[in-house]
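Below is model.txt, holding compact mmCIF, C-alpha atoms.
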# COMPACT_ATOMS: atom_id res chain seq x y z
CA MET A 63 41.90 7.71 -22.20
CA HIS A 64 39.24 10.28 -21.40
CA ARG A 65 36.59 7.78 -22.32
CA ARG A 66 38.10 5.10 -20.14
CA SER A 67 38.37 7.48 -17.21
CA ARG A 68 34.78 8.47 -17.64
CA ILE A 69 33.51 4.92 -17.79
CA ALA A 70 35.64 4.04 -14.79
CA ALA A 71 34.25 7.00 -12.86
CA LEU A 72 30.68 6.03 -13.71
CA LEU A 73 31.31 2.45 -12.69
CA ALA A 74 32.92 3.61 -9.46
CA VAL A 75 29.92 5.78 -8.60
CA ALA A 76 27.53 2.94 -9.43
CA LEU A 77 29.49 0.43 -7.38
CA LEU A 78 29.83 2.80 -4.45
CA THR A 79 26.14 3.56 -4.44
CA GLY A 80 25.29 -0.08 -4.92
CA SER A 81 27.56 -1.31 -2.19
CA CYS A 82 26.10 1.15 0.30
CA TYR A 83 22.63 -0.17 -0.35
CA ALA A 84 23.79 -3.76 -0.55
CA ALA A 85 25.43 -3.47 2.82
CA ALA A 86 22.17 -2.21 4.26
CA GLU A 87 19.87 -4.74 2.66
CA GLU A 88 20.45 -8.16 1.17
CA ASP A 89 17.49 -7.80 -1.17
CA PHE A 90 19.08 -4.85 -2.90
CA TRP A 91 20.08 -6.72 -6.03
CA ASP A 92 16.62 -8.24 -6.37
CA TRP A 93 15.18 -4.75 -6.24
CA LEU A 94 17.78 -3.32 -8.59
CA LEU A 95 17.45 -5.93 -11.27
CA THR A 96 13.68 -6.17 -11.45
CA PHE A 97 11.52 -4.17 -13.81
CA GLU A 98 8.48 -4.90 -11.72
CA ARG A 99 6.98 -1.71 -10.38
CA GLN A 100 7.65 -1.31 -6.68
CA LYS A 101 6.36 2.20 -6.18
CA ASN A 102 3.63 1.46 -3.68
CA PHE A 103 3.32 -1.32 -1.10
CA LYS A 104 3.80 -5.02 -1.47
CA PRO A 105 0.28 -6.42 -1.71
CA VAL A 106 -0.90 -8.90 0.88
CA THR A 107 -0.14 -12.40 -0.36
CA ASP A 108 -0.55 -14.45 2.80
CA LYS A 109 -3.88 -16.24 2.89
CA VAL A 110 -4.07 -16.48 6.68
CA TYR A 111 -3.22 -12.80 7.11
CA GLN A 112 -5.75 -11.84 4.46
CA GLU A 113 -8.53 -13.95 5.95
CA GLU A 114 -7.97 -13.24 9.63
CA CYS A 115 -7.26 -9.51 9.42
CA GLY A 116 -9.59 -8.96 6.49
CA ALA A 117 -12.48 -10.52 8.39
CA CYS A 118 -12.83 -7.37 10.47
CA HIS A 119 -11.12 -4.61 8.52
CA PHE A 120 -9.09 -3.91 5.41
CA ALA A 121 -6.07 -6.19 5.51
CA TYR A 122 -3.42 -3.51 5.63
CA PRO A 123 -0.23 -4.28 3.72
CA PRO A 124 2.48 -4.96 6.34
CA GLY A 125 4.67 -2.43 4.53
CA LEU A 126 2.60 0.32 6.07
CA LEU A 127 4.31 -0.05 9.45
CA PRO A 128 7.82 -0.91 10.62
CA ALA A 129 8.52 -4.32 12.14
CA ARG A 130 8.64 -3.03 15.72
CA SER A 131 5.09 -1.73 15.27
CA TRP A 132 3.86 -5.14 14.20
CA GLU A 133 5.74 -6.67 17.12
CA ALA A 134 3.83 -4.39 19.44
CA LEU A 135 0.48 -4.97 17.76
CA LEU A 136 0.54 -8.67 17.02
CA ASN A 137 0.97 -10.41 20.32
CA ALA A 138 -1.59 -12.17 22.47
CA ARG A 139 -1.77 -9.42 25.04
CA ALA A 140 -2.12 -6.58 22.55
CA LEU A 141 -4.76 -8.42 20.55
CA ARG A 142 -6.98 -8.69 23.60
CA LYS A 143 -7.38 -4.94 23.34
CA HIS A 144 -6.89 -4.39 19.63
CA PHE A 145 -8.07 -0.80 19.30
CA GLY A 146 -10.88 -1.42 21.75
CA VAL A 147 -11.86 -4.83 20.38
CA ASN A 148 -10.90 -8.29 21.55
CA ALA A 149 -9.20 -9.82 18.53
CA GLU A 150 -7.59 -12.85 20.17
CA LEU A 151 -6.28 -15.57 17.87
CA ASP A 152 -5.02 -19.06 18.47
CA ASP A 153 -1.27 -19.39 18.84
CA ASP A 154 -0.59 -20.89 15.43
CA THR A 155 -2.64 -18.30 13.57
CA LEU A 156 -1.10 -15.50 15.56
CA LYS A 157 2.38 -16.77 14.78
CA ASP A 158 1.60 -16.95 11.05
CA ILE A 159 0.22 -13.44 10.99
CA HIS A 160 2.97 -12.04 13.18
CA ASP A 161 5.74 -13.59 11.12
CA TYR A 162 4.23 -12.49 7.84
CA ALA A 163 3.74 -8.91 9.03
CA VAL A 164 7.23 -8.64 10.50
CA ASP A 165 8.91 -10.21 7.48
CA ASN A 166 7.18 -7.78 5.13
CA ALA A 167 7.27 -4.69 7.32
CA ALA A 168 8.16 -1.26 5.98
CA ASP A 169 11.76 -1.44 7.14
CA LYS A 170 12.23 -4.77 5.35
CA SER A 171 10.64 -3.77 2.07
CA TRP A 172 12.07 -2.13 -1.04
CA TYR A 173 8.71 -0.79 -2.14
CA LYS A 174 8.99 2.98 -2.34
CA ARG A 175 6.21 4.02 -0.01
CA SER A 176 7.36 1.46 2.52
CA ARG A 177 10.86 2.90 2.34
CA LYS A 178 9.45 6.36 2.95
CA ILE A 179 7.60 5.15 6.03
CA ALA A 180 10.63 3.23 7.27
CA VAL A 181 12.84 6.30 6.97
CA ALA A 182 10.28 8.52 8.66
CA THR A 183 9.77 6.13 11.59
CA GLU A 184 13.38 5.21 12.28
CA ASP A 185 13.48 7.30 15.41
CA GLY A 186 10.98 7.63 18.21
CA PRO A 187 8.43 5.18 19.56
CA ALA A 188 6.91 2.53 17.33
CA PRO A 189 3.82 3.95 15.61
CA LEU A 190 0.70 1.91 16.30
CA ARG A 191 -1.78 3.68 14.08
CA ILE A 192 -1.23 3.90 10.34
CA THR A 193 -3.35 7.01 10.15
CA GLU A 194 -1.00 8.80 12.51
CA LEU A 195 2.08 8.24 10.40
CA ARG A 196 3.50 11.57 9.30
CA TYR A 197 3.61 10.43 5.69
CA ILE A 198 0.02 9.24 5.69
CA SER A 199 -1.38 12.27 7.51
CA ARG A 200 0.60 14.60 5.26
CA LYS A 201 -0.69 12.94 2.10
CA HIS A 202 -4.27 13.29 3.31
CA GLN A 203 -4.15 16.75 4.83
CA VAL A 204 -5.38 18.37 1.61
CA ILE A 205 -8.53 16.22 1.65
CA PRO A 206 -11.34 18.16 3.38
CA GLU A 207 -12.94 16.61 6.45
CA LYS A 208 -16.28 16.47 4.67
CA MET A 209 -14.84 13.95 2.21
CA ILE A 210 -13.63 11.62 4.95
CA LYS A 211 -15.26 11.84 8.38
CA GLY A 212 -18.27 13.66 7.04
CA ASN A 213 -18.66 11.24 4.18
CA LYS A 214 -20.98 8.29 4.85
CA GLY A 215 -19.14 6.34 2.20
CA VAL A 216 -15.81 6.68 3.99
CA LYS A 217 -16.15 7.76 7.65
CA SER A 218 -12.50 7.31 8.55
CA LEU A 219 -9.02 7.29 7.06
CA SER A 220 -8.79 3.74 8.39
CA PHE A 221 -10.97 2.46 5.57
CA CYS A 222 -8.26 2.78 2.92
CA ASP A 223 -10.10 0.70 0.35
CA LYS A 224 -13.12 2.98 0.36
CA CYS A 225 -11.22 5.51 -1.75
CA HIS A 226 -8.08 3.71 -2.89
CA THR A 227 -9.67 1.49 -5.51
CA GLN A 228 -6.59 -0.70 -5.93
CA ALA A 229 -5.59 -0.90 -2.29
CA ASP A 230 -5.90 -4.68 -2.39
CA LYS A 231 -3.07 -4.67 -4.93
CA GLY A 232 -0.99 -2.41 -2.72
CA ILE A 233 -1.51 0.51 -5.10
CA PHE A 234 -2.26 3.84 -3.46
CA ASP A 235 -1.57 6.25 -6.33
CA ALA A 236 -3.61 9.41 -6.45
CA ASP A 237 -4.75 8.41 -9.93
CA THR A 238 -6.54 5.37 -8.49
CA VAL A 239 -8.44 7.34 -5.85
CA ASN A 240 -12.20 7.55 -6.15
CA ILE A 241 -13.77 9.17 -3.11
CA PRO A 242 -17.35 7.97 -2.66
CA ASN A 243 -19.85 10.78 -3.25
CA TYR A 244 -17.06 13.02 -4.56
CA PRO A 245 -16.16 11.76 -8.03
CA ASN A 246 -14.45 15.05 -8.86
CA TRP A 247 -12.59 15.30 -5.57
CA ASP A 248 -9.36 16.54 -7.13
CA ASP A 249 -10.86 19.37 -9.15
CA MET B 161 35.06 3.91 -27.94
CA ASN B 162 32.08 3.85 -30.25
CA VAL B 163 31.16 0.36 -29.13
CA ALA B 164 30.84 1.59 -25.57
CA ARG B 165 28.77 4.51 -26.73
CA ILE B 166 26.47 2.34 -28.80
CA ALA B 167 26.15 -0.19 -26.01
CA ALA B 168 25.22 2.53 -23.53
CA GLY B 169 22.69 3.95 -25.95
CA ILE B 170 21.08 0.60 -26.61
CA PHE B 171 21.03 -0.15 -22.91
CA MET B 172 19.23 3.06 -22.05
CA ALA B 173 16.76 2.73 -24.89
CA ALA B 174 16.15 -0.89 -23.93
CA VAL B 175 15.63 -0.06 -20.28
CA SER B 176 13.10 2.63 -21.03
CA GLY B 177 11.31 0.37 -23.47
CA MET B 178 11.22 -2.53 -21.06
CA VAL B 179 9.90 -0.52 -18.17
CA HIS B 180 7.18 0.86 -20.40
CA ALA B 181 6.31 -2.63 -21.54
CA ASP B 182 6.26 -3.80 -17.95
CA ASP B 183 4.00 -0.95 -16.97
CA THR B 184 1.63 -1.84 -19.76
CA ALA B 185 1.70 -5.50 -18.81
CA MET B 186 0.87 -4.62 -15.22
CA HIS B 187 -2.24 -2.80 -16.43
CA PRO B 188 -3.71 -4.93 -19.21
CA GLU B 189 -6.82 -2.81 -19.25
CA LEU B 190 -4.83 0.08 -20.65
CA PRO B 191 -4.50 0.45 -24.41
CA ILE B 192 -1.03 -0.39 -25.63
CA ALA B 193 -1.01 2.24 -28.36
CA ALA B 194 -0.25 5.76 -27.27
CA SER B 195 -3.80 6.85 -27.86
CA PHE B 196 -5.26 9.48 -25.66
CA TYR B 197 -7.73 8.24 -23.14
CA THR B 198 -10.00 10.04 -20.78
CA HIS B 199 -11.93 8.20 -18.14
CA ASP B 200 -15.61 7.87 -18.59
CA PRO B 201 -17.32 10.33 -16.26
CA GLN B 202 -20.45 8.21 -16.30
CA SER B 203 -18.57 5.31 -14.74
CA LEU B 204 -17.51 7.59 -11.92
CA LYS B 205 -21.05 8.73 -11.36
CA SER B 206 -22.50 5.25 -11.43
CA GLY B 207 -19.89 4.10 -8.92
CA ALA B 208 -20.52 7.05 -6.67
CA LEU B 209 -24.27 6.73 -6.81
CA ASN B 210 -24.38 3.01 -6.10
CA PRO B 211 -26.09 2.99 -2.70
CA SER B 212 -25.00 -0.54 -1.84
CA ALA B 213 -21.43 0.66 -1.84
CA PHE B 214 -22.00 2.91 1.14
CA LEU B 215 -24.78 1.50 3.20
CA LEU B 216 -22.38 -1.09 4.56
CA ALA B 217 -19.81 1.41 5.70
CA ALA B 218 -20.54 0.94 9.37
CA ASN B 219 -17.72 1.76 11.70
CA GLU B 220 -17.56 -0.95 14.29
CA GLY B 221 -19.00 -4.13 15.73
CA ASP B 222 -20.53 -6.94 13.73
CA ALA B 223 -21.33 -4.65 10.86
CA LEU B 224 -17.62 -4.52 10.09
CA LYS B 225 -17.57 -8.20 9.25
CA GLU B 226 -20.56 -7.74 7.01
CA GLN B 227 -18.89 -4.78 5.41
CA ALA B 228 -15.67 -6.68 4.75
CA ALA B 229 -17.56 -9.56 3.23
CA THR B 230 -19.36 -7.30 0.79
CA ALA B 231 -16.69 -4.94 -0.41
CA PRO B 232 -18.09 -2.22 -2.64
CA VAL B 233 -17.92 -2.96 -6.33
CA THR B 234 -16.88 0.07 -8.31
CA GLU B 235 -16.49 0.64 -11.99
CA PHE B 236 -13.85 3.27 -11.46
CA LYS B 237 -10.98 3.07 -13.90
CA PRO B 238 -7.86 5.13 -13.40
CA PRO B 239 -7.15 7.52 -16.25
CA LEU B 240 -4.41 6.59 -18.68
CA LEU B 241 -3.42 10.18 -19.06
CA SER B 242 -2.84 12.28 -15.95
CA GLY B 243 -0.27 14.80 -14.87
CA ARG B 244 1.61 12.15 -12.90
CA LYS B 245 1.64 9.75 -15.82
CA VAL B 246 2.79 12.52 -18.14
CA HIS B 247 5.68 13.11 -15.75
CA GLN B 248 6.47 9.41 -15.77
CA TYR B 249 6.50 9.11 -19.55
CA LEU B 250 8.48 12.32 -19.96
CA GLY B 251 11.16 10.91 -17.66
CA LEU B 252 11.33 7.64 -19.58
CA SER B 253 11.39 9.54 -22.86
CA THR B 254 14.27 11.68 -21.62
CA VAL B 255 16.37 8.60 -20.92
CA ALA B 256 15.38 7.02 -24.24
CA PHE B 257 16.27 10.20 -26.14
CA ALA B 258 19.57 10.44 -24.28
CA GLY B 259 20.35 6.93 -25.48
CA LEU B 260 19.41 7.80 -29.05
CA THR B 261 21.52 10.94 -28.86
CA MET B 262 24.52 8.85 -27.88
CA LEU B 263 23.85 6.48 -30.75
CA ALA B 264 23.68 9.36 -33.19
CA ALA B 265 26.92 10.99 -32.02
CA PRO B 266 29.38 11.71 -34.85
CA GLU B 267 32.21 9.22 -34.91
CA ASP B 268 35.10 11.49 -35.74
CA GLU B 269 34.51 14.15 -33.12
CA GLU B 270 37.55 13.88 -30.94
CA GLU B 271 39.52 16.79 -29.67
CA GLY B 272 42.25 17.57 -32.19
CA SER B 273 40.97 15.16 -34.80
CA GLN B 274 38.59 17.46 -36.62
CA THR B 275 39.18 18.20 -40.28
CA GLN B 276 35.92 19.97 -41.14
CA PRO B 277 34.06 22.86 -39.44
CA ARG B 278 32.17 21.56 -36.46
CA GLN B 279 28.39 21.33 -36.84
CA THR B 280 26.50 22.54 -33.80
CA SER B 281 23.05 22.32 -35.33
CA GLY B 282 21.15 20.53 -38.04
CA THR B 283 22.53 17.06 -37.40
CA THR B 284 20.55 14.19 -35.99
CA HIS B 285 22.77 14.20 -32.91
CA THR B 286 22.22 17.88 -32.16
CA ARG B 287 18.49 17.67 -32.75
CA LEU B 288 18.15 14.67 -30.49
CA ALA B 289 20.33 16.37 -27.88
CA ARG B 290 18.13 19.45 -27.86
CA ALA B 291 15.01 17.30 -27.69
CA THR B 292 16.53 15.44 -24.74
CA ALA B 293 17.23 18.72 -22.97
CA VAL B 294 13.68 19.93 -23.55
CA LEU B 295 12.27 16.63 -22.29
CA ALA B 296 14.49 16.81 -19.22
CA VAL B 297 13.22 20.30 -18.38
CA ALA B 298 9.63 19.24 -19.00
CA THR B 299 10.13 16.22 -16.75
CA VAL B 300 11.42 18.34 -13.90
CA MET B 301 8.67 20.90 -14.33
CA THR B 302 5.86 18.32 -14.35
CA GLY B 303 7.48 16.62 -11.36
CA LEU B 304 7.43 19.86 -9.41
CA ILE B 305 3.82 20.49 -10.37
CA TYR B 306 2.31 17.05 -9.88
CA HIS B 307 4.47 15.68 -7.09
CA TRP B 308 4.85 18.84 -5.05
CA ASP B 309 3.65 17.06 -1.90
CA ASP B 310 6.00 14.10 -2.22
CA PHE B 311 9.30 15.64 -1.31
CA HIS B 312 10.11 17.48 1.90
CA LEU B 313 13.50 18.64 3.10
CA GLU B 314 12.67 17.63 6.65
CA ASP B 315 12.61 13.95 5.57
CA GLY B 316 16.30 14.10 4.74
CA PHE B 317 18.31 12.63 1.91
CA SER B 318 17.43 9.04 2.72
CA ASP B 319 13.84 9.66 1.69
CA PRO B 320 13.39 8.06 -1.77
CA ASP B 321 11.35 10.94 -3.15
CA ASN B 322 13.99 13.44 -2.06
CA GLN B 323 16.65 11.28 -3.68
CA HIS B 324 14.54 11.11 -6.83
CA ALA B 325 14.11 14.88 -6.99
CA LEU B 326 17.78 15.55 -6.31
CA LEU B 327 19.09 13.02 -8.82
CA ALA B 328 16.60 13.95 -11.54
CA GLY B 329 17.20 17.66 -11.05
CA THR B 330 20.96 17.16 -11.16
CA GLY B 331 20.64 14.92 -14.21
CA ALA B 332 18.55 17.49 -16.05
CA LEU B 333 21.06 20.23 -15.24
CA LEU B 334 23.94 18.09 -16.47
CA LEU B 335 22.12 17.36 -19.73
CA LEU B 336 21.41 21.06 -20.22
CA TYR B 337 25.00 21.95 -19.44
CA ALA B 338 26.32 19.37 -21.91
CA VAL B 339 24.05 20.59 -24.69
CA ASN B 340 24.87 24.22 -23.97
CA LYS B 341 28.59 23.55 -23.77
CA SER B 342 28.67 21.76 -27.09
CA ALA B 343 26.32 24.14 -28.88
CA HIS B 344 28.47 27.17 -28.14
CA SER B 345 31.80 25.69 -29.09
CA SER B 346 33.35 25.88 -32.52
CA VAL B 347 35.88 23.21 -31.61
CA PRO B 348 35.18 19.70 -30.28
CA THR B 349 34.46 19.70 -26.57
CA SER B 350 34.29 16.84 -24.13
CA HIS B 351 30.60 17.08 -23.34
CA ALA B 352 29.61 13.44 -23.79
CA GLY B 353 30.68 12.37 -20.31
CA ILE B 354 28.64 15.13 -18.70
CA ALA B 355 25.59 14.16 -20.72
CA GLU B 356 26.06 10.48 -19.94
CA LEU B 357 26.35 11.25 -16.24
CA GLY B 358 23.16 13.30 -16.50
CA ALA B 359 21.33 10.46 -18.24
CA VAL B 360 22.55 7.91 -15.70
CA SER B 361 21.49 10.25 -12.91
CA MET B 362 18.00 10.50 -14.36
CA LEU B 363 17.85 6.75 -14.85
CA ALA B 364 18.81 6.21 -11.21
CA ALA B 365 16.15 8.73 -10.18
CA ILE B 366 13.52 6.78 -12.10
CA LYS B 367 14.58 3.49 -10.58
CA LEU B 368 14.41 4.86 -7.04
CA THR B 369 10.72 5.61 -7.35
CA TRP B 370 9.75 2.99 -9.88
Could I get this structure in the form of structure tokens?
Amino acid sequence: MHRRSRIAALLAVALLTGSCYAAAEEDFWDWLLTFERQKNFKPVTDKVYQEECGACHFAYPPGLLPARSWEALLNARALRKHFGVNAELDDDTLKDIHDYAVDNAADKSWYKRSRKIAVATEDGPAPLRITELRYISRKHQVIPEKMIKGNKGVKSLSFCDKCHTQADKGIFDADTVNIPNYPNWDD
Amino acid sequence: MNVARIAAGIFMAAVSGMVHADDTAMHPELPIAASFYTHDPQSLKSGALNPSAFLLAANEGDALKEQAATAPVTEFKPPLLSGRKVHQYLGLSTVAFAGLTMLAAPEDEEEGSQTQPRQTSGTTHTRLARATAVLAVATVMTGLIYHWDDFHLEDGFSDPDNQHALLAGTGALLLLYAVNKSAHSSVPTSHAGIAELGAVSMLAAIKLTW
């Protein structure tokens, strides 16, 4: 009897927890039942997104920003002044990129770091700069300025792939960081 | 009763084994055997001293296109053994040992059904239980040391790292409590449920940040 009660209690807790998540996100069961690591960000898989965005800068995984941020960034008007640069695209390309970014945004992803960003950006205005996200700035605050802005091999936090050697795979673990000119940066 | 216990044990051991296998499969460059590995410092230096990797790091204009087209090639390889990975493997080991402890539980230990003096040490079950408790403590300690900047109260309970820390900490405490409760009792005690809850809690914590 004790055993049955215990198992029932465990199942109840699991179902309760599961149902809460399931109600919030349809992809919950996919996330729950996979053994694939989803600790970082979903890597960029869309060819158009990779080619068009990656032509000028690192093709940031869409999971770095919530959907409303991508909505604000990826429209014809905003792209005419895309951080000081005219980055206009034809309508079809823009639609592809916009849809891909929105569909894979932080608040629609089960990858852990995306979930962290989604939670942290739930309230307030849509963030437009990844480097200004609280999570991102907090993770980099221990890195001295000389290793980023003062480092010719990096220059800015915007160039993720300069230090995050597996950024193209969506992996941003500290163990995969190699800061140019500072091989022993974490000593 | 024992079937459920064995099934739970096998499940936990299988889960920890599968996630380890998956992790290894995701990183084929890593040795499968649990051999110690330290990254080659020369590869770091050669990567850092490669001038072509940095000369193209211009900030704006046309140079950006050139830079993107010639991404720096680096020989950097992440270390197999680091504090964060130690924490990861300790957590998986804790769950695996919890499963083995359940499998090794004596069959006749039910309240009121004991005919011989209760053994609180020296058995496979008690040894595995103590090892599980030690692993749980080590997991929490390494988590606090190597992931100190990942959890912040201001992010609230919905933050996955906060959930991970809370669930893993609670799980470790439950495992410790179960071991302590059983070790100091001369009569059978119902400690299995507490331990199982602790193990499930730690498993959930792992999944949340996997």
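Candidate residues A:Ser176, A:Asn213, A:Asn102, A:Ser131 were compared for distance to Asp230 of chain A, and the nearest is A:Asn102, using all atoms listed in the file.
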Give me the residues of chain A that have any atom at most 9 Å from an atom of chain B; for each, the nearest atom pair and the distance in Å, rounded to one decimal. Use only C-alpha atoms, sort by chain and number, and format it as a tab-separated table.
residue	atom	partner	partner_atom	distance
A:His64	CA	B:Ser350	CA	8.7
A:Arg65	CA	B:Met161	CA	7.0
A:Arg66	CA	B:Met161	CA	8.5
A:Arg68	CA	B:Gly353	CA	6.3
A:Ile69	CA	B:Gly353	CA	8.4
A:Leu72	CA	B:Leu357	CA	7.2
A:Leu94	CA	B:Lys367	CA	7.8
A:Phe97	CA	B:Val179	CA	5.9
A:Glu98	CA	B:Asp182	CA	6.7
A:Arg99	CA	B:Trp370	CA	5.5
A:Gln100	CA	B:Trp370	CA	5.8
A:Lys101	CA	B:Trp370	CA	5.1
A:Asn102	CA	B:Trp370	CA	8.8
A:Gly116	CA	B:Ala228	CA	6.7
A:Ala117	CA	B:Lys225	CA	5.7
A:Cys118	CA	B:Lys225	CA	5.0
A:His119	CA	B:Ala228	CA	6.3
A:Phe120	CA	B:Ala228	CA	7.2
A:Val147	CA	B:Gly221	CA	8.5
A:Tyr173	CA	B:Thr369	CA	8.5
A:Lys174	CA	B:Thr369	CA	5.9
A:Arg175	CA	B:Pro320	CA	8.4
A:Arg177	CA	B:Pro320	CA	7.1
A:Lys178	CA	B:Asp319	CA	5.6
A:Ile179	CA	B:Asp319	CA	8.8
A:Val181	CA	B:Asp319	CA	6.3
A:Ala182	CA	B:Asp315	CA	6.7
A:Arg200	CA	B:Asp309	CA	8.2
A:Lys201	CA	B:Asp309	CA	7.2
A:Lys214	CA	B:Phe214	CA	6.6
A:Gly215	CA	B:Phe214	CA	4.6
A:Val216	CA	B:Ala217	CA	6.8
A:Lys217	CA	B:Asn219	CA	7.4
A:Ser218	CA	B:Asn219	CA	8.2
A:Phe221	CA	B:Ala217	CA	8.9
A:Asp223	CA	B:Ala231	CA	8.7
A:Lys224	CA	B:Pro232	CA	7.8
A:Thr227	CA	B:Phe236	CA	7.5
A:Ala236	CA	B:Arg244	CA	8.7
A:Asp237	CA	B:Pro238	CA	5.7
A:Thr238	CA	B:Pro238	CA	5.1
A:Val239	CA	B:Pro238	CA	7.9
A:Asn240	CA	B:Phe236	CA	7.0
A:Ile241	CA	B:Ala208	CA	7.9
A:Pro242	CA	B:Ala208	CA	5.2
A:Asn243	CA	B:Ala208	CA	5.1
A:Tyr244	CA	B:Ala208	CA	7.2
A:Pro245	CA	B:Leu204	CA	5.9
A:Asn246	CA	B:Leu204	CA	8.6
Can you tell me, as AutoDock Vina command-line options, the centre and edge lengths (Å, one decimal) of the axis-aligned box enclosing all of segment 326-330 of chain B's listed atoms after padding each side by 6 Å?
--center_x 18.8 --center_y 15.3 --center_z -8.9 --size_x 16.4 --size_y 16.6 --size_z 17.2
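A straight line drawn from atom CA of Leu363 of chain B to atom CA of His351 of chain B is 18.5 Å long.
Nearest to Gln279 of chain B of all the residues B:Ala355, B:Ala343, B:Leu295, B:Val246 is B:Ala343, counting only C-alpha atoms.
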If you measure from atom CA of His226 of chain A to atom CA of Thr193 of chain A, what distance in Å do you get, rounded to one decimal? 14.3 Å
Contacts of Thr261 of chain B at 7 Å (only C-alpha atoms; same-chain gap of 2+ positions) as a PyMOL selection string: chain B and resi 257-259+263-265+285+288-289
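Between Gly125 of chain A and the candidates A:Ile205, A:Leu141, A:Ile159, A:Ile192, the tightest atom-to-atom separation, counting only C-alpha atoms, involves A:Ile192.
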